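Data first, discussion second: the structure below is written as structure tokens.
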Amino acid sequence: MKGLGTIISAIFAATRAAAAAISAKAAVAAATAVLLLLASACTGVEYGPTQMAKEFQLKFGWDWSGVSGLGSEQQEQLQENALVLMARTTNEVHYLWRPDAFWTSDGDGADVDEVQKVLNGQYYMVAVTSASPALYDFSDSARFVSDRTMSIAEVNAALRPVERSEIKRIYGQHIFDPDDGSYDLFLPSAPSLYSSKKADGIFYASELDDIVVTFTPSDLCAQVSFSVDIQTEAGVQIDSITADITGVASRVQLLDSSVDDKTLGKAFFRMTHSSGNSYSGTVGVLGLFSSDYEDYVYGSGILHLAVFARAEGTAGTLRAGLNIKNEIDASSLMQKSDNLVWTLARNDAEIKIDKQLKISGQAIITGNSDFDNGWFQTDKRIDEDL
């Protein structure tokens, strides 16, 4: 698994050819990662009394008490994967720390084995990490460190989309991929993305001082489980179900954890038999938005199922859709702040679909079905005859 440092190295090399990434071993001791940053020359009046040093060594600690289920090895790996961004608020200078190198907004880079210093000042700081960094795009971080005019509030982490040509290879040939004109952005299930921020940190240090900043990460993702009641006629055998849900946020702003309700996609996941007539599945999201109206069949908040089943010697995929606006709203997954930005209100939600989906043998054979309970058919293609 590639770490965040490897990904950022490739991005930064493309955007700032003069900044060479120098590989080195990440410095992590116990639960403390040491940040050794290259001091950048800065014009104007510096912070602090003249008798104080203008730079100091900054150390990072990690407090994982707010995240459950992580062992010590997992925590250490997340710390080694971490990216840390710093922006000084006056005489602005940017720093980017990754496991094997550091950069400043002057484009200078340094090996982690070289002791570097941070300039005195007031800073905004953000740390972000994931156990599956390859699924995220952190290119905003490279732009941030190479451009002093870019605010740290503009730095996002985005899910890397699934290419249309790869969808069936990953999720199976019976995947439902409607061309409804609403979504061209196909997303994977979002793995946990841990972040922590420090705002208005003011650092002054004497020449011998070290300052320790402790990050307290929280997950920017939610695991949403769906359960559906599917009633089949005698002789109908369900082999597999692949689902997708629309209205899924594709990016998250790292400083305030807000998600954009405009750049939305659909996320795919599998559903399996749980008990009785119930089938369930879980998908990770950065945010999930419902439809504006409960009778819409396009747009956000539509659950699609591709049910691959057999009946009387014929195998086919029955594709059904349902607007689940009321269920999404009732989950209270999202919240809007006073400054009108959307964030996750919780890290998990269970959405139970009370409207039963009925599948007949004739529907599998002919590819036609008169759904009720609000379910609608999306196409009539039969995959193959046995």
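So you can find residues: chains in the structure tokens are A, B, ... in the order shown, residues in each start at 1, and ligands are numbered from 1 in order.
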Quick one: residues within 8 Å of Phe226 (chain A), only C-alpha atoms, excluding same-chain residues fewer than 3 positions away - as a list in words?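 What passes the distance filter is Ser280, Gly281, Thr282, Glu350, Ile351, Lys352 and Ile353 of chain A.
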Write out the residues from the selection above, keeping C-alpha atoms, as a PDB file, in the first residue's frame.
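Now in out_3.pdb:
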```
ATOM      1  CA  SER A 280     -27.910  -5.467   3.588  1.00  0.00           C
ATOM      2  CA  GLY A 281     -24.736  -3.637   2.636  1.00  0.00           C
ATOM      3  CA  THR A 282     -22.528  -0.823   3.887  1.00  0.00           C
ATOM      4  CA  GLU A 350     -28.475   2.606   9.553  1.00  0.00           C
ATOM      5  CA  ILE A 351     -31.019   3.140   6.797  1.00  0.00           C
ATOM      6  CA  LYS A 352     -33.771   0.539   6.724  1.00  0.00           C
ATOM      7  CA  ILE A 353     -35.946   0.501   3.616  1.00  0.00           C
TER       8      ILE A 353
END
```
Might you pull out every residue within 9 Å of Val155 (chain A), with only C-alpha atoms counted and same-chain residues fewer than 5 positions away left off, and present them as an NGL selection string? :A and (138-141 or 143-144 or 150 or 252-255)
Kindly export the residues of the current selection with C-alpha atoms, as a short mmCIF file (atom, residue, chain, number, x, y, z; two decimals), in the first residue's frame.
```cif
data_model
loop_
_atom_site.label_atom_id
_atom_site.label_comp_id
_atom_site.auth_asym_id
_atom_site.auth_seq_id
_atom_site.Cartn_x
_atom_site.Cartn_y
_atom_site.Cartn_z
CA PHE A 138 -4.36 15.24 -1.92
CA SER A 139 -3.14 17.41 -4.79
CA ASP A 140 -4.50 20.53 -3.08
CA SER A 141 -1.69 20.08 -0.54
CA ARG A 143 -0.71 23.57 -4.60
CA PHE A 144 -0.96 24.99 -1.08
CA MET A 150 -3.77 29.94 -1.43
CA VAL A 252 -14.11 17.36 2.16
CA GLN A 253 -12.47 20.60 3.28
CA LEU A 254 -9.80 19.80 5.82
CA LEU A 255 -9.87 22.96 7.94
#
```
Who sits within 7 Å of Gly321 (chain A), only C-alpha atoms, same chain under 4 positions skipped, as a short mmCIF file (atom, residue, chain, number, x, y, z; two decimals) with N, CA and C atoms, in the first residue's frame:
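Result went into around.cif, see below:
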```
data_model
loop_
_atom_site.label_atom_id
_atom_site.label_comp_id
_atom_site.auth_asym_id
_atom_site.auth_seq_id
_atom_site.Cartn_x
_atom_site.Cartn_y
_atom_site.Cartn_z
N ILE A 302 -31.09 8.58 -4.53
CA ILE A 302 -31.76 7.46 -5.20
C ILE A 302 -30.93 6.19 -4.98
N LEU A 303 -31.56 5.18 -4.43
CA LEU A 303 -30.92 3.88 -4.24
C LEU A 303 -31.25 3.00 -5.44
N HIS A 304 -30.21 2.46 -6.10
CA HIS A 304 -30.39 1.55 -7.23
C HIS A 304 -29.90 0.16 -6.82
N LEU A 305 -30.65 -0.84 -7.21
CA LEU A 305 -30.24 -2.23 -6.99
C LEU A 305 -30.16 -2.94 -8.33
N TRP A 375 -40.99 1.59 -5.83
CA TRP A 375 -39.86 1.11 -6.63
C TRP A 375 -40.17 1.31 -8.11
N PHE A 376 -39.16 1.62 -8.89
CA PHE A 376 -39.35 1.79 -10.32
C PHE A 376 -38.27 1.01 -11.06
N GLN A 377 -38.63 0.54 -12.26
CA GLN A 377 -37.68 -0.21 -13.07
C GLN A 377 -36.86 0.74 -13.91
N THR A 378 -35.60 0.39 -14.08
CA THR A 378 -34.70 1.31 -14.78
C THR A 378 -34.34 0.86 -16.19
#
```
Residues near Asn326 (chain A), anyone? I mean within 9 Å using only C-alpha atoms, not counting same-chain ones fewer than 2 positions away, as a PyMOL selection string. chain A and resi 290-291+294+323-324+328-331
Just N, CA and C atoms for this one: save the residues we selected as a PDB file, in the first residue's frame.
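Contents of again33.pdb, as written:
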```
ATOM      1  N   SER A 290     -29.888  13.988   0.301  1.00  0.00           N
ATOM      2  CA  SER A 290     -31.134  13.426  -0.197  1.00  0.00           C
ATOM      3  C   SER A 290     -31.664  14.251  -1.369  1.00  0.00           C
ATOM      4  N   SER A 291     -32.720  13.744  -1.963  1.00  0.00           N
ATOM      5  CA  SER A 291     -33.387  14.429  -3.067  1.00  0.00           C
ATOM      6  C   SER A 291     -34.159  15.634  -2.534  1.00  0.00           C
ATOM      7  N   GLU A 294     -39.528  13.779  -2.807  1.00  0.00           N
ATOM      8  CA  GLU A 294     -39.558  12.326  -2.657  1.00  0.00           C
ATOM      9  C   GLU A 294     -40.086  11.583  -3.870  1.00  0.00           C
ATOM     10  N   ASN A 323     -36.468   6.239  -4.512  1.00  0.00           N
ATOM     11  CA  ASN A 323     -36.117   7.504  -3.882  1.00  0.00           C
ATOM     12  C   ASN A 323     -36.229   7.319  -2.362  1.00  0.00           C
ATOM     13  N   ILE A 324     -35.109   7.500  -1.656  1.00  0.00           N
ATOM     14  CA  ILE A 324     -35.110   7.285  -0.201  1.00  0.00           C
ATOM     15  C   ILE A 324     -34.843   8.603   0.541  1.00  0.00           C
ATOM     16  N   ILE A 328     -33.093   8.978   4.315  1.00  0.00           N
ATOM     17  CA  ILE A 328     -31.823   9.696   4.499  1.00  0.00           C
ATOM     18  C   ILE A 328     -32.006  10.847   5.486  1.00  0.00           C
ATOM     19  N   ASP A 329     -33.072  11.609   5.305  1.00  0.00           N
ATOM     20  CA  ASP A 329     -33.319  12.731   6.211  1.00  0.00           C
ATOM     21  C   ASP A 329     -33.514  12.245   7.643  1.00  0.00           C
ATOM     22  N   ALA A 330     -34.211  11.129   7.805  1.00  0.00           N
ATOM     23  CA  ALA A 330     -34.476  10.608   9.150  1.00  0.00           C
ATOM     24  C   ALA A 330     -33.218  10.085   9.830  1.00  0.00           C
ATOM     25  N   SER A 331     -32.190   9.756   9.048  1.00  0.00           N
ATOM     26  CA  SER A 331     -30.950   9.230   9.636  1.00  0.00           C
ATOM     27  C   SER A 331     -30.152  10.299  10.363  1.00  0.00           C
TER      28      SER A 331
END
```
Smallest atom-to-atom distance to Gly301 (chain A): which of A:Lys358, A:Lys266, A:His94, A:Lys325, using only C-alpha atoms?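 Going through A:Lys358, A:Lys266, A:His94, A:Lys325 one by one, the smallest distance to Gly301 (chain A) is for A:Lys325.
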As a PyMOL selection string, please: every residue in region 221-309 of chain A that a backbone DSSP assignment puts in strand (DSSP E). chain A and resi 222-232+237-249+251-253+264-275+278-285+302-309
Go ahead and compute the interatomic distance for CA of Arg98 (chain A) and CA of Asn347 (chain A), in Å to one decimal. 26.5 Å
Contacts of Phe215 (chain A) at 7 Å or less, counting only C-alpha atoms, minus same-chain residues fewer than 6 places along, as a list in words?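 Close residues of Phe215 (chain A): Gly61, Trp62, Asp63 and Ser196 of chain A.
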Hey, what's within 8 Å of Leu344 (chain A) if we count only C-alpha atoms and toss same-chain stuff fewer than 6 positions away? As a list in words, please?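 The neighbour list is Leu220, Cys221, Ala222, Ser258, Leu286, Gly287, Leu333, Met334 and Gln335 of chain A.
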Restricting the output to C-alpha atoms, write the selected residues as a PDB file, in the first residue's frame.
```
ATOM      1  CA  LEU A 220     -14.239  12.546   8.388  1.00  0.00           C
ATOM      2  CA  CYS A 221     -16.128   9.529   6.953  1.00  0.00           C
ATOM      3  CA  ALA A 222     -19.358   7.806   7.860  1.00  0.00           C
ATOM      4  CA  SER A 258     -17.281  20.760   5.470  1.00  0.00           C
ATOM      5  CA  LEU A 286     -17.773  11.747   3.139  1.00  0.00           C
ATOM      6  CA  GLY A 287     -21.359  12.990   3.084  1.00  0.00           C
ATOM      7  CA  LEU A 333     -26.401  11.943   9.086  1.00  0.00           C
ATOM      8  CA  MET A 334     -25.779  15.518   7.910  1.00  0.00           C
ATOM      9  CA  GLN A 335     -26.001  18.857   9.677  1.00  0.00           C
TER      10      GLN A 335
END
```
Find the residues near Phe308 (chain A): any atom within 7 Å, counting only C-alpha atoms, skip ones fewer than 6 places away on the same chain, and give them as a ChimeraX atom specification. /A:174,238-241,316-318
Write a file of the selected residues as a PDB file, in the first residue's frame, keeping N, CA and C atoms.
```pdb
ATOM      1  N   HIS A 174     -22.859  -7.360 -13.773  1.00  0.00           N
ATOM      2  CA  HIS A 174     -24.286  -7.076 -13.664  1.00  0.00           C
ATOM      3  C   HIS A 174     -24.568  -5.738 -12.997  1.00  0.00           C
ATOM      4  N   ILE A 238     -31.814 -15.593  -5.969  1.00  0.00           N
ATOM      5  CA  ILE A 238     -30.969 -14.404  -6.087  1.00  0.00           C
ATOM      6  C   ILE A 238     -29.516 -14.802  -5.917  1.00  0.00           C
ATOM      7  N   ASP A 239     -28.708 -14.505  -6.925  1.00  0.00           N
ATOM      8  CA  ASP A 239     -27.281 -14.825  -6.865  1.00  0.00           C
ATOM      9  C   ASP A 239     -26.455 -13.685  -6.283  1.00  0.00           C
ATOM     10  N   SER A 240     -26.763 -12.452  -6.665  1.00  0.00           N
ATOM     11  CA  SER A 240     -25.978 -11.325  -6.167  1.00  0.00           C
ATOM     12  C   SER A 240     -26.778 -10.031  -6.298  1.00  0.00           C
ATOM     13  N   ILE A 241     -26.414  -9.066  -5.478  1.00  0.00           N
ATOM     14  CA  ILE A 241     -27.020  -7.738  -5.553  1.00  0.00           C
ATOM     15  C   ILE A 241     -25.909  -6.703  -5.451  1.00  0.00           C
ATOM     16  N   GLY A 316     -30.959 -13.407 -15.287  1.00  0.00           N
ATOM     17  CA  GLY A 316     -31.050 -12.025 -15.736  1.00  0.00           C
ATOM     18  C   GLY A 316     -30.846 -11.060 -14.593  1.00  0.00           C
ATOM     19  N   THR A 317     -30.626  -9.821 -14.946  1.00  0.00           N
ATOM     20  CA  THR A 317     -30.445  -8.771 -13.952  1.00  0.00           C
ATOM     21  C   THR A 317     -31.659  -7.864 -13.966  1.00  0.00           C
ATOM     22  N   LEU A 318     -32.306  -7.788 -12.843  1.00  0.00           N
ATOM     23  CA  LEU A 318     -33.442  -6.898 -12.678  1.00  0.00           C
ATOM     24  C   LEU A 318     -32.952  -5.641 -11.983  1.00  0.00           C
TER      25      LEU A 318
END
```
May I ask which of the residues A:Ala158, A:Leu264, A:Ala82, A:Ala131 is the closest one to Gly299 (chain A), counting only C-alpha atoms? A:Leu264
Of the candidates A:Ala320, A:Leu83, A:Tyr293, A:Tyr279, which one gets nearest to Asp370 (chain A) if we count only C-alpha atoms?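 Ranked by minimum distance to Asp370 (chain A), first place goes to A:Ala320.
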When distances are computed from only C-alpha atoms, which of A:Glu233, A:Ala345, A:Val297, A:Asp219 shows the smallest separation from Arg310 (chain A)? A:Glu233
